[in-house]
>>> print(open('work.pdb').read())   # PDB, C-alpha atoms
MODEL        1
ATOM      1  CA  MET A 216     -42.972 221.326  92.924
ATOM      2  CA  SER A 217     -46.596 221.957  93.859
ATOM      3  CA  SER A 218     -47.824 221.487  97.400
ATOM      4  CA  SER A 219     -50.108 218.683  96.219
ATOM      5  CA  THR A 220     -47.196 216.590  94.911
ATOM      6  CA  VAL A 221     -46.267 213.796  97.308
ATOM      7  CA  MET A 222     -42.938 212.056  96.766
ATOM      8  CA  PRO A 223     -43.049 208.275  97.359
ATOM      9  CA  THR A 224     -41.033 207.176 100.387
ATOM     10  CA  THR A 225     -41.111 203.388  99.979
ATOM     11  CA  SER A 226     -40.591 200.909  97.167
ATOM     12  CA  SER A 227     -44.297 200.023  97.317
ATOM     13  CA  SER A 228     -45.526 203.598  97.042
ATOM     14  CA  TYR A 229     -43.038 204.391  94.291
ATOM     15  CA  LEU A 230     -44.027 201.386  92.201
ATOM     16  CA  SER A 231     -47.735 202.085  92.683
ATOM     17  CA  SER A 232     -47.395 205.711  91.631
ATOM     18  CA  SER A 233     -45.185 204.822  88.652
ATOM     19  CA  VAL A 234     -47.585 202.130  87.437
ATOM     20  CA  MET A 235     -50.450 204.623  87.542
ATOM     21  CA  GLU A 236     -48.401 207.216  85.637
ATOM     22  CA  ASN A 237     -47.431 204.661  82.969
ATOM     23  CA  ASN A 238     -50.932 203.210  82.488
ATOM     24  CA  ASN A 239     -50.111 199.897  84.196
ATOM     25  CA  HIS A 240     -47.003 199.398  82.051
ATOM     26  CA  PRO A 241     -43.950 199.715  84.352
ATOM     27  CA  ASP A 242     -40.661 199.875  82.461
ATOM     28  CA  ARG A 243     -36.963 199.226  83.104
ATOM     29  CA  GLN A 244     -36.368 202.720  84.471
ATOM     30  CA  THR A 245     -39.285 202.293  86.852
ATOM     31  CA  PHE A 246     -37.834 199.078  88.240
ATOM     32  CA  GLN A 247     -34.352 200.556  88.578
ATOM     33  CA  LYS A 248     -35.693 203.311  90.826
ATOM     34  CA  PHE A 249     -37.833 200.769  92.675
ATOM     35  CA  PHE A 250     -34.685 198.649  93.191
ATOM     36  CA  GLU A 251     -32.901 201.610  94.793
ATOM     37  CA  PHE A 252     -35.774 202.092  97.242
ATOM     38  CA  TRP A 253     -35.873 198.351  97.914
ATOM     39  CA  MET A 254     -32.153 198.193  98.714
ATOM     40  CA  VAL A 255     -32.509 201.005 101.235
ATOM     41  CA  GLU A 256     -35.337 199.073 102.872
ATOM     42  CA  GLN A 257     -33.237 195.904 102.915
ATOM     43  CA  GLU A 258     -30.542 197.746 104.860
ATOM     44  CA  GLN A 259     -33.195 198.944 107.300
ATOM     45  CA  HIS A 260     -34.420 195.378 107.751
ATOM     46  CA  ARG A 261     -30.846 194.196 108.267
ATOM     47  CA  GLN A 262     -30.397 196.703 111.066
ATOM     48  CA  GLN A 263     -33.646 195.561 112.690
ATOM     49  CA  LEU A 264     -32.570 191.928 112.481
ATOM     50  CA  VAL A 265     -29.171 192.708 114.010
ATOM     51  CA  SER A 266     -30.836 194.695 116.782
ATOM     52  CA  ALA A 267     -33.121 191.748 117.520
ATOM     53  CA  THR A 268     -30.171 189.338 117.789
ATOM     54  CA  LYS A 269     -28.258 191.687 120.099
ATOM     55  CA  HIS A 270     -31.262 192.078 122.376
ATOM     56  CA  ARG A 271     -31.821 188.334 122.413
ATOM     57  CA  HIS A 272     -28.138 187.651 123.083
ATOM     58  CA  GLY A 273     -28.294 189.972 126.071
ATOM     59  CA  ARG A 274     -31.329 188.142 127.419
ATOM     60  CA  ARG A 275     -29.628 184.779 126.869
ATOM     61  CA  THR A 276     -26.522 185.909 128.746
ATOM     62  CA  ILE A 277     -28.675 186.702 131.748
ATOM     63  CA  ASN A 278     -30.499 183.381 131.447
ATOM     64  CA  VAL A 279     -27.262 181.401 131.204
ATOM     65  CA  ALA A 280     -25.894 183.152 134.279
ATOM     66  CA  ALA A 281     -29.073 182.138 136.089
ATOM     67  CA  ASN A 282     -28.813 178.558 134.743
ATOM     68  CA  GLN A 283     -31.846 179.108 132.489
ATOM     69  CA  THR A 284     -30.925 177.909 129.017
ATOM     70  CA  THR A 285     -34.353 178.374 127.400
ATOM     71  CA  ALA A 286     -35.282 181.743 125.949
ATOM     72  CA  SER A 287     -38.632 183.409 126.268
ATOM     73  CA  GLU A 288     -41.161 182.071 123.742
ATOM     74  CA  ASP A 289     -43.104 185.317 124.102
ATOM     75  CA  GLU A 290     -40.167 187.175 122.567
ATOM     76  CA  VAL A 291     -40.093 184.767 119.643
ATOM     77  CA  GLU A 292     -43.827 185.171 119.014
ATOM     78  CA  THR A 293     -44.044 188.925 119.495
ATOM     79  CA  VAL A 294     -40.703 190.112 118.060
ATOM     80  CA  LEU A 295     -38.835 187.623 115.899
ATOM     81  CA  ILE A 296     -41.646 185.981 113.934
ATOM     82  CA  PRO A 297     -43.321 189.294 112.914
ATOM     83  CA  LEU A 298     -39.889 190.662 111.918
ATOM     84  CA  ILE A 299     -39.116 187.585 109.818
ATOM     85  CA  ASP A 300     -42.550 187.845 108.182
ATOM     86  CA  ARG A 301     -41.869 191.484 107.228
ATOM     87  CA  VAL A 302     -38.529 190.596 105.682
ATOM     88  CA  MET A 303     -39.993 187.688 103.716
ATOM     89  CA  LYS A 304     -42.874 189.840 102.445
ATOM     90  CA  HIS A 305     -40.244 192.331 101.332
ATOM     91  CA  TYR A 306     -38.650 189.613  99.175
ATOM     92  CA  GLU A 307     -42.080 188.621  97.839
ATOM     93  CA  HIS A 308     -42.747 192.250  96.965
ATOM     94  CA  TYR A 309     -39.465 192.390  95.041
ATOM     95  CA  TYR A 310     -40.281 189.383  92.873
ATOM     96  CA  SER A 311     -43.845 190.535  92.310
ATOM     97  CA  ALA A 312     -42.603 193.908  91.063
ATOM     98  CA  LYS A 313     -39.937 192.229  88.943
ATOM     99  CA  SER A 314     -42.525 189.970  87.320
ATOM    100  CA  LYS A 315     -44.738 192.927  86.374
ATOM    101  CA  CYS A 316     -41.895 194.965  84.920
ATOM    102  CA  ALA A 317     -40.248 192.036  83.119
ATOM    103  CA  LYS A 318     -43.400 191.544  81.047
ATOM    104  CA  GLN A 319     -42.564 194.816  79.314
ATOM    105  CA  ASP A 320     -38.821 194.241  78.899
ATOM    106  CA  VAL A 321     -37.573 190.731  79.689
ATOM    107  CA  PHE A 322     -34.261 191.350  77.889
ATOM    108  CA  GLY A 323     -33.435 194.151  80.317
ATOM    109  CA  PHE A 324     -34.052 191.882  83.306
ATOM    110  CA  LEU A 325     -31.714 189.187  82.050
ATOM    111  CA  SER A 326     -28.908 191.749  81.909
ATOM    112  CA  PRO A 327     -29.891 194.371  84.512
ATOM    113  CA  SER A 328     -28.368 197.809  83.977
ATOM    114  CA  TRP A 329     -28.856 198.630  87.683
ATOM    115  CA  LEU A 330     -26.336 195.965  88.701
ATOM    116  CA  SER A 331     -22.568 196.234  88.493
ATOM    117  CA  SER A 332     -20.396 194.044  86.271
ATOM    118  CA  LEU A 333     -19.246 192.246  89.438
ATOM    119  CA  GLU A 334     -22.819 191.249  90.272
ATOM    120  CA  ASP A 335     -23.619 190.506  86.650
ATOM    121  CA  ALA A 336     -20.712 188.031  86.476
ATOM    122  CA  PHE A 337     -22.390 185.860  89.117
ATOM    123  CA  LEU A 338     -25.954 186.047  87.782
ATOM    124  CA  TRP A 339     -27.963 182.982  86.852
ATOM    125  CA  ILE A 340     -30.907 183.807  84.570
ATOM    126  CA  GLY A 341     -31.290 187.354  85.821
ATOM    127  CA  GLY A 342     -30.691 186.739  89.537
ATOM    128  CA  TRP A 343     -28.895 184.711  92.188
ATOM    129  CA  ARG A 344     -28.475 180.960  91.741
ATOM    130  CA  PRO A 345     -30.925 179.227  94.143
ATOM    131  CA  SER A 346     -28.388 176.600  95.249
ATOM    132  CA  MET A 347     -26.204 179.454  96.473
ATOM    133  CA  ALA A 348     -28.557 179.847  99.439
ATOM    134  CA  PHE A 349     -27.325 176.527 100.821
ATOM    135  CA  HIS A 350     -23.682 177.527 100.462
ATOM    136  CA  LEU A 351     -24.530 180.707 102.354
ATOM    137  CA  LEU A 352     -26.220 178.674 105.093
ATOM    138  CA  TYR A 353     -23.292 176.270 105.477
ATOM    139  CA  SER A 354     -20.703 179.070 105.388
ATOM    140  CA  LYS A 355     -22.436 181.122 108.083
ATOM    141  CA  SER A 356     -23.051 178.015 110.168
ATOM    142  CA  GLY A 357     -19.359 177.107 109.999
ATOM    143  CA  LEU A 358     -18.225 180.606 110.935
ATOM    144  CA  GLN A 359     -20.561 180.740 113.931
ATOM    145  CA  LEU A 360     -19.467 177.269 115.003
ATOM    146  CA  GLU A 361     -15.822 178.366 114.981
ATOM    147  CA  ALA A 362     -16.722 181.346 117.183
ATOM    148  CA  ILE A 363     -18.212 179.232 119.993
ATOM    149  CA  PRO A 364     -16.102 179.292 123.194
ATOM    150  CA  LEU A 365     -14.669 175.871 124.029
ATOM    151  CA  HIS A 366     -16.348 175.699 127.437
ATOM    152  CA  HIS A 367     -19.754 176.241 125.796
ATOM    153  CA  LEU A 368     -19.108 173.270 123.521
ATOM    154  CA  ILE A 369     -17.973 171.118 126.440
ATOM    155  CA  ASN A 370     -21.023 172.024 128.516
ATOM    156  CA  GLY A 371     -23.421 171.649 125.592
ATOM    157  CA  ILE A 372     -24.740 175.194 125.886
ATOM    158  CA  SER A 373     -27.027 176.082 122.993
ATOM    159  CA  THR A 374     -25.859 178.973 120.823
ATOM    160  CA  ASP A 375     -29.334 179.621 119.404
ATOM    161  CA  ASP A 376     -27.853 180.458 115.987
ATOM    162  CA  LEU A 377     -26.769 178.628 112.811
ATOM    163  CA  ALA A 378     -23.994 176.817 114.681
ATOM    164  CA  ASP A 379     -26.814 175.000 116.474
ATOM    165  CA  LEU A 380     -28.226 173.145 113.451
ATOM    166  CA  SER A 381     -29.510 169.752 114.552
ATOM    167  CA  PRO A 382     -28.909 166.457 112.681
ATOM    168  CA  ARG A 383     -32.573 166.498 111.679
ATOM    169  CA  GLN A 384     -32.234 170.003 110.258
ATOM    170  CA  LEU A 385     -29.106 169.033 108.320
ATOM    171  CA  VAL A 386     -30.931 166.073 106.756
ATOM    172  CA  HIS A 387     -33.780 168.408 105.789
ATOM    173  CA  VAL A 388     -31.341 170.916 104.293
ATOM    174  CA  ASP A 389     -29.595 168.201 102.297
ATOM    175  CA  GLY A 390     -32.868 166.944 100.809
ATOM    176  CA  LEU A 391     -33.979 170.467  99.971
ATOM    177  CA  GLN A 392     -30.616 171.225  98.400
ATOM    178  CA  GLN A 393     -30.750 168.152  96.174
ATOM    179  CA  SER A 394     -34.278 168.928  94.943
ATOM    180  CA  THR A 395     -33.329 172.565  94.336
ATOM    181  CA  ILE A 396     -30.254 171.600  92.301
ATOM    182  CA  LYS A 397     -32.365 169.207  90.231
ATOM    183  CA  GLU A 398     -34.905 171.903  89.390
ATOM    184  CA  GLU A 399     -32.134 174.421  88.802
ATOM    185  CA  LYS A 400     -30.601 172.103  86.201
ATOM    186  CA  LYS A 401     -33.956 171.732  84.437
ATOM    187  CA  ILE A 402     -34.320 175.501  84.145
ATOM    188  CA  THR A 403     -30.714 175.826  82.960
ATOM    189  CA  GLU A 404     -31.419 173.254  80.239
ATOM    190  CA  MET A 405     -34.594 175.143  79.263
ATOM    191  CA  MET A 406     -32.541 178.302  78.878
ATOM    192  CA  ALA A 407     -29.873 176.542  76.824
ATOM    193  CA  LYS A 408     -32.468 175.089  74.440
ATOM    194  CA  HIS A 409     -34.215 178.421  74.082
ATOM    195  CA  GLN A 410     -30.930 180.222  73.400
ATOM    196  CA  GLU A 411     -30.265 177.769  70.584
ATOM    197  CA  THR A 412     -33.454 178.948  68.848
ATOM    198  CA  VAL A 413     -31.698 182.209  67.989
ATOM    199  CA  ALA A 414     -30.197 180.215  65.112
ATOM    200  CA  ASP A 415     -33.299 178.262  64.110
ATOM    201  CA  ALA A 416     -34.656 178.240  60.549
ATOM    202  CA  SER A 417     -37.012 181.170  61.121
ATOM    203  CA  MET A 418     -34.210 183.407  62.426
ATOM    204  CA  VAL A 419     -31.765 182.410  59.701
ATOM    205  CA  GLU A 420     -34.379 182.989  56.992
ATOM    206  CA  LEU A 421     -35.428 186.313  58.495
ATOM    207  CA  SER A 422     -31.869 187.574  58.888
ATOM    208  CA  HIS A 423     -31.150 186.665  55.262
ATOM    209  CA  MET A 424     -34.322 188.394  54.032
ATOM    210  CA  VAL A 425     -33.603 191.593  55.939
ATOM    211  CA  THR A 426     -29.992 191.594  54.725
ATOM    212  CA  GLU A 427     -31.196 191.257  51.131
ATOM    213  CA  LEU A 428     -33.586 194.182  51.585
ATOM    214  CA  ILE A 429     -30.808 196.328  53.035
ATOM    215  CA  MET A 430     -28.596 195.511  50.055
ATOM    216  CA  LEU A 431     -31.410 196.330  47.632
ATOM    217  CA  LYS A 432     -32.023 199.680  49.311
ATOM    218  CA  SER A 433     -28.348 200.588  49.210
ATOM    219  CA  SER A 434     -28.080 199.692  45.501
ATOM    220  CA  HIS A 435     -30.963 201.928  44.410
ATOM    221  CA  THR A 436     -30.690 205.691  44.499
ATOM    222  CA  ASP A 437     -34.447 205.925  44.374
ATOM    223  CA  SER A 438     -35.560 203.415  46.970
ATOM    224  CA  ALA A 439     -39.035 204.807  47.548
ATOM    225  CA  CYS A 440     -40.559 201.659  46.136
ATOM    226  CA  LEU A 441     -38.688 199.611  48.719
ATOM    227  CA  ASN A 442     -39.541 201.768  51.699
ATOM    228  CA  GLY A 443     -43.308 201.336  51.579
ATOM    229  CA  GLY A 444     -45.150 198.093  52.076
ATOM    230  CA  GLY A 445     -41.951 196.061  52.050
ATOM    231  CA  ALA A 446     -40.588 197.873  55.072
ATOM    232  CA  GLU A 447     -43.834 197.325  56.989
ATOM    233  CA  VAL A 448     -43.836 193.621  56.212
ATOM    234  CA  GLU A 449     -40.192 193.416  57.248
ATOM    235  CA  LYS A 450     -40.860 195.124  60.579
ATOM    236  CA  GLU A 451     -43.914 192.964  61.270
ATOM    237  CA  ARG A 452     -42.008 189.739  60.647
ATOM    238  CA  VAL A 453     -39.101 190.850  62.844
ATOM    239  CA  ASP A 454     -41.426 191.889  65.673
ATOM    240  CA  THR A 455     -43.421 188.643  65.463
ATOM    241  CA  THR A 456     -40.325 186.441  65.441
ATOM    242  CA  LEU A 457     -38.608 188.252  68.316
ATOM    243  CA  ALA A 458     -41.843 188.289  70.319
ATOM    244  CA  LEU A 459     -41.803 184.482  70.375
ATOM    245  CA  LYS A 460     -38.237 184.533  71.717
ATOM    246  CA  GLU A 461     -39.237 187.091  74.332
ATOM    247  CA  GLU A 462     -42.244 185.056  75.483
ATOM    248  CA  GLY A 463     -40.047 182.026  76.006
ATOM    249  CA  LEU A 464     -37.568 184.049  78.047
ATOM    250  CA  GLU A 465     -40.382 185.440  80.214
ATOM    251  CA  VAL A 466     -41.471 181.905  81.115
ATOM    252  CA  ILE A 467     -37.916 180.856  81.976
ATOM    253  CA  LEU A 468     -37.228 183.989  84.040
ATOM    254  CA  GLN A 469     -40.485 183.495  85.951
ATOM    255  CA  ARG A 470     -39.562 179.880  86.750
ATOM    256  CA  ALA A 471     -36.104 180.953  87.905
ATOM    257  CA  ASP A 472     -37.486 183.698  90.160
ATOM    258  CA  ASP A 473     -40.130 181.336  91.525
ATOM    259  CA  LEU A 474     -37.405 178.836  92.468
ATOM    260  CA  ARG A 475     -35.344 181.587  94.095
ATOM    261  CA  LEU A 476     -38.236 182.678  96.286
ATOM    262  CA  ARG A 477     -39.400 179.143  97.120
ATOM    263  CA  THR A 478     -35.860 178.147  98.139
ATOM    264  CA  LEU A 479     -35.555 181.140 100.445
ATOM    265  CA  GLU A 480     -38.978 180.507 101.979
ATOM    266  CA  ALA A 481     -38.270 176.801 102.485
ATOM    267  CA  ILE A 482     -35.014 177.473 104.346
ATOM    268  CA  VAL A 483     -36.464 180.210 106.525
ATOM    269  CA  ASN A 484     -39.919 178.763 107.219
ATOM    270  CA  ASP A 485     -39.449 174.996 107.012
ATOM    271  CA  VAL A 486     -35.885 174.319 108.184
ATOM    272  CA  LEU A 487     -34.683 176.988 110.595
ATOM    273  CA  THR A 488     -35.979 178.095 113.971
ATOM    274  CA  PRO A 489     -36.985 181.768 114.173
ATOM    275  CA  THR A 490     -33.721 182.721 115.884
ATOM    276  CA  GLN A 491     -31.693 180.832 113.283
ATOM    277  CA  ALA A 492     -33.739 182.376 110.483
ATOM    278  CA  VAL A 493     -32.826 185.840 111.739
ATOM    279  CA  HIS A 494     -29.107 184.998 111.501
ATOM    280  CA  PHE A 495     -29.566 183.555 108.008
ATOM    281  CA  LEU A 496     -31.470 186.617 106.780
ATOM    282  CA  ILE A 497     -28.782 188.903 108.190
ATOM    283  CA  ALA A 498     -26.088 186.971 106.297
ATOM    284  CA  ALA A 499     -28.155 187.056 103.077
ATOM    285  CA  ALA A 500     -28.715 190.811 103.325
ATOM    286  CA  GLU A 501     -25.069 191.504 104.153
ATOM    287  CA  LEU A 502     -23.835 189.517 101.149
ATOM    288  CA  HIS A 503     -26.333 191.154  98.787
ATOM    289  CA  LEU A 504     -25.692 194.698 100.002
ATOM    290  CA  ARG A 505     -21.903 194.418 100.121
ATOM    291  CA  LEU A 506     -21.592 192.826  96.668
ATOM    292  CA  HIS A 507     -23.656 195.690  95.275
ATOM    293  CA  ASP A 508     -21.467 198.263  97.048
ATOM    294  CA  TRP A 509     -18.200 196.622  95.993
ATOM    295  CA  GLY A 510     -19.324 196.380  92.392
ATOM    296  CA  LYS A 511     -20.347 200.035  92.216
ATOM    297  CA  LYS A 512     -17.076 201.155  93.831
ATOM    298  CA  ARG A 513     -14.998 199.065  91.411
ATOM    299  CA  GLU A 514     -16.800 200.575  88.445
ATOM    300  CA  ALA A 515     -16.301 204.074  89.833
ATOM    301  CA  GLN A 516     -12.575 203.380  90.201
ATOM    302  CA  ILE A 517     -12.371 202.118  86.613
ATOM    303  CA  ARG A 518     -14.116 205.258  85.325
ATOM    304  CA  CYS A 519     -11.961 207.566  87.472
ATOM    305  CA  PRO A 520      -8.750 205.675  88.417
ATOM    306  CA  GLN A 521      -7.118 208.856  89.720
ATOM    307  CA  ASN A 522      -9.711 208.966  92.512
ATOM    308  CA  SER A 523      -9.026 205.404  93.707
ATOM    309  CA  THR A 524      -7.128 204.887  96.920
ATOM    310  CA  THR A 525      -4.345 202.379  97.414
TER
ENDMDL
END
>>> encode(input="work.pdb", output="structure tokens")
Amino acid sequence: MSSSTVMPTTSSSYLSSSVMENNNHPDRQTFQKFFEFWMVEQEQHRQQLVSATKHRHGRRTINVAANQTTASEDEVETVLIPLIDRVMKHYEHYYSAKSKCAKQDVFGFLSPSWLSSLEDAFLWIGGWRPSMAFHLLYSKSGLQLEAIPLHHLINGISTDDLADLSPRQLVHVDGLQQSTIKEEKKITEMMAKHQETVADASMVELSHMVTELIMLKSSHTDSACLNGGGAEVEKERVDTTLALKEEGLEVILQRADDLRLRTLEAIVNDVLTPTQAVHFLIAAAELHLRLHDWGKKREAQIRCPQNSTT
């Protein structure tokens, strides 16, 4: 490696350098490597979020002992909000990169090779189901509520986490959940209708024509006459027909990813307080990272069962 070669150290720098090398046409392999960088960064963000909650918990313990139940707003403004903004921009960066790469290979993004079969089993149109975010919120809220000491509940001491969701917040979450499910169903129906077009008249006619050409080629020892213009016309028709299917899938994938990001942003920015948002983002990162790890480990055990531990 020459001294002038600089290896990218972040998902952003890697994607930028790869796009330049590929003449603004990032491919599936480019995104897979980008995804690996992005996952490392997500773990780093998770650690920062956890550190912020531990520091804040320590400050709150001191405040409670001194009968001061309100936390410093300066800490929220200077630490938590900038950290949340960084994490959310990281998600935005992911979907922006995905959109660019999917334009070159939408089929690969609907069945990602960089994910395990465990993750793939729970995919909805190439990613996580948006309504799942609400199940995550309710699950984490319930777990944190169960962990509250009884005397804190009796004395009405604020927990400053997802166990502290107010009635107004719950109403907001419910409305957001209902609208998200409605839009999710619309996109699911779009996908179902588009999948049905794989058996439309154009596809059936094309598949029959290509089959006939294959049979003609196999029945002639000298098939030079069939390999010229006919083959070019055949390829052009196949490419044109499949391109229409691909364009439709790109639109559907983009709508699905847009809903995923909007749902996440609405929960974090519109519903939760900054301290609650930190807890939610930690739970989201933990679930994403651990599912990826578990899936990879299961696949490794299937490939090499003798190396698995009981």
>>> closest_residue(input="work.pdb", among="A:Arg261, A:His507, A:Lys512, A:His494", to="A:Ser356", atoms="only C-alpha atoms")
A:His494
>>> resolve_selection(input="work.pdb", expression="the PyMOL selection byres ((chain A and resi 474) around 10)", output="PDB file with C-alpha atoms, in the frame of the given file")
ATOM      1  CA  ARG A 344     -28.475 180.960  91.741  1.00  0.00           C
ATOM      2  CA  PRO A 345     -30.925 179.227  94.143  1.00  0.00           C
ATOM      3  CA  SER A 346     -28.388 176.600  95.249  1.00  0.00           C
ATOM      4  CA  THR A 395     -33.329 172.565  94.336  1.00  0.00           C
ATOM      5  CA  GLU A 398     -34.905 171.903  89.390  1.00  0.00           C
ATOM      6  CA  GLU A 399     -32.134 174.421  88.802  1.00  0.00           C
ATOM      7  CA  ILE A 402     -34.320 175.501  84.145  1.00  0.00           C
ATOM      8  CA  LEU A 468     -37.228 183.989  84.040  1.00  0.00           C
ATOM      9  CA  GLN A 469     -40.485 183.495  85.951  1.00  0.00           C
ATOM     10  CA  ARG A 470     -39.562 179.880  86.750  1.00  0.00           C
ATOM     11  CA  ALA A 471     -36.104 180.953  87.905  1.00  0.00           C
ATOM     12  CA  ASP A 472     -37.486 183.698  90.160  1.00  0.00           C
ATOM     13  CA  ASP A 473     -40.130 181.336  91.525  1.00  0.00           C
ATOM     14  CA  ARG A 475     -35.344 181.587  94.095  1.00  0.00           C
ATOM     15  CA  LEU A 476     -38.236 182.678  96.286  1.00  0.00           C
ATOM     16  CA  ARG A 477     -39.400 179.143  97.120  1.00  0.00           C
ATOM     17  CA  THR A 478     -35.860 178.147  98.139  1.00  0.00           C
ATOM     18  CA  LEU A 479     -35.555 181.140 100.445  1.00  0.00           C
ATOM     19  CA  GLU A 480     -38.978 180.507 101.979  1.00  0.00           C
TER      20      GLU A 480
END
>>> resolve_selection(input="work.pdb", expression="the PyMOL selection byres ((chain A and resi 243-253) around 7)", output="list in words")
Thr225, Ser226, Tyr229, Leu230, Ser233, Pro241, Asp242, Met254, Val255, Glu256, Gln257, Cys316, Asp320, Gly323 and Trp329 of chain A
>>> atom_distance(input="work.pdb", atom1="atom CA of A:Thr412", atom2="atom CA of A:Val425")
18.1 Å
>>> resolve_selection(input="work.pdb", expression="the PyMOL selection byres ((chain A and resi 292-301) around 8)", output="NGL selection string")
:A and (263-264 or 267 or 288-291 or 302-305 or 489-490 or 492-493)
>>> atom_distance(input="work.pdb", atom1="atom CA of A:Ile517", atom2="atom CA of A:Ala498")
28.4 Å
>>> closest_residue(input="work.pdb", among="A:Leu421, A:Leu338, A:Ser354, A:His387", to="A:Phe324", atoms="all atoms listed in the file")
A:Leu338
>>> axis_aligned_box(input="work.pdb", around="stretch 357-366 of chain A", padding_each_side="3 Å", output="JSON")
{"center_x": -17.6, "center_y": 178.5, "center_z": 118.7, "size_x": 11.9, "size_y": 11.6, "size_z": 23.4}
>>> atom_distance(input="work.pdb", atom1="atom CA of A:Leu428", atom2="atom CA of A:Thr456")
17.2 Å
>>> closest_residue(input="work.pdb", among="A:Glu461, A:Glu427, A:Glu307, A:Asp454", to="A:Gln319", atoms="all atoms listed in the file")
A:Glu461
>>> closest_residue(input="work.pdb", among="A:Asp379, A:Glu258, A:Glu334, A:Glu404", to="A:Ile467", atoms="all atoms listed in the file")
A:Glu404
>>> residues_around(input="work.pdb", residues="A:Lys408", least_positions_apart="5", cutoff="12 Å", atoms="all atoms listed in the file", output="number ranges by chain")
A: 401-403, 413-415, 460, 463-464, 467
>>> write_last_selection(input="work.pdb", atoms="C-alpha atoms", output="mmCIF file, keeping the file's coordinate frame")
data_model
loop_
_atom_site.group_PDB
_atom_site.id
_atom_site.type_symbol
_atom_site.label_atom_id
_atom_site.label_comp_id
_atom_site.auth_asym_id
_atom_site.auth_seq_id
_atom_site.Cartn_x
_atom_site.Cartn_y
_atom_site.Cartn_z
ATOM 1 C CA LYS A 401 -33.956 171.732 84.437
ATOM 2 C CA ILE A 402 -34.320 175.501 84.145
ATOM 3 C CA THR A 403 -30.714 175.826 82.960
ATOM 4 C CA VAL A 413 -31.698 182.209 67.989
ATOM 5 C CA ALA A 414 -30.197 180.215 65.112
ATOM 6 C CA ASP A 415 -33.299 178.262 64.110
ATOM 7 C CA LYS A 460 -38.237 184.533 71.717
ATOM 8 C CA GLY A 463 -40.047 182.026 76.006
ATOM 9 C CA LEU A 464 -37.568 184.049 78.047
ATOM 10 C CA ILE A 467 -37.916 180.856 81.976
#
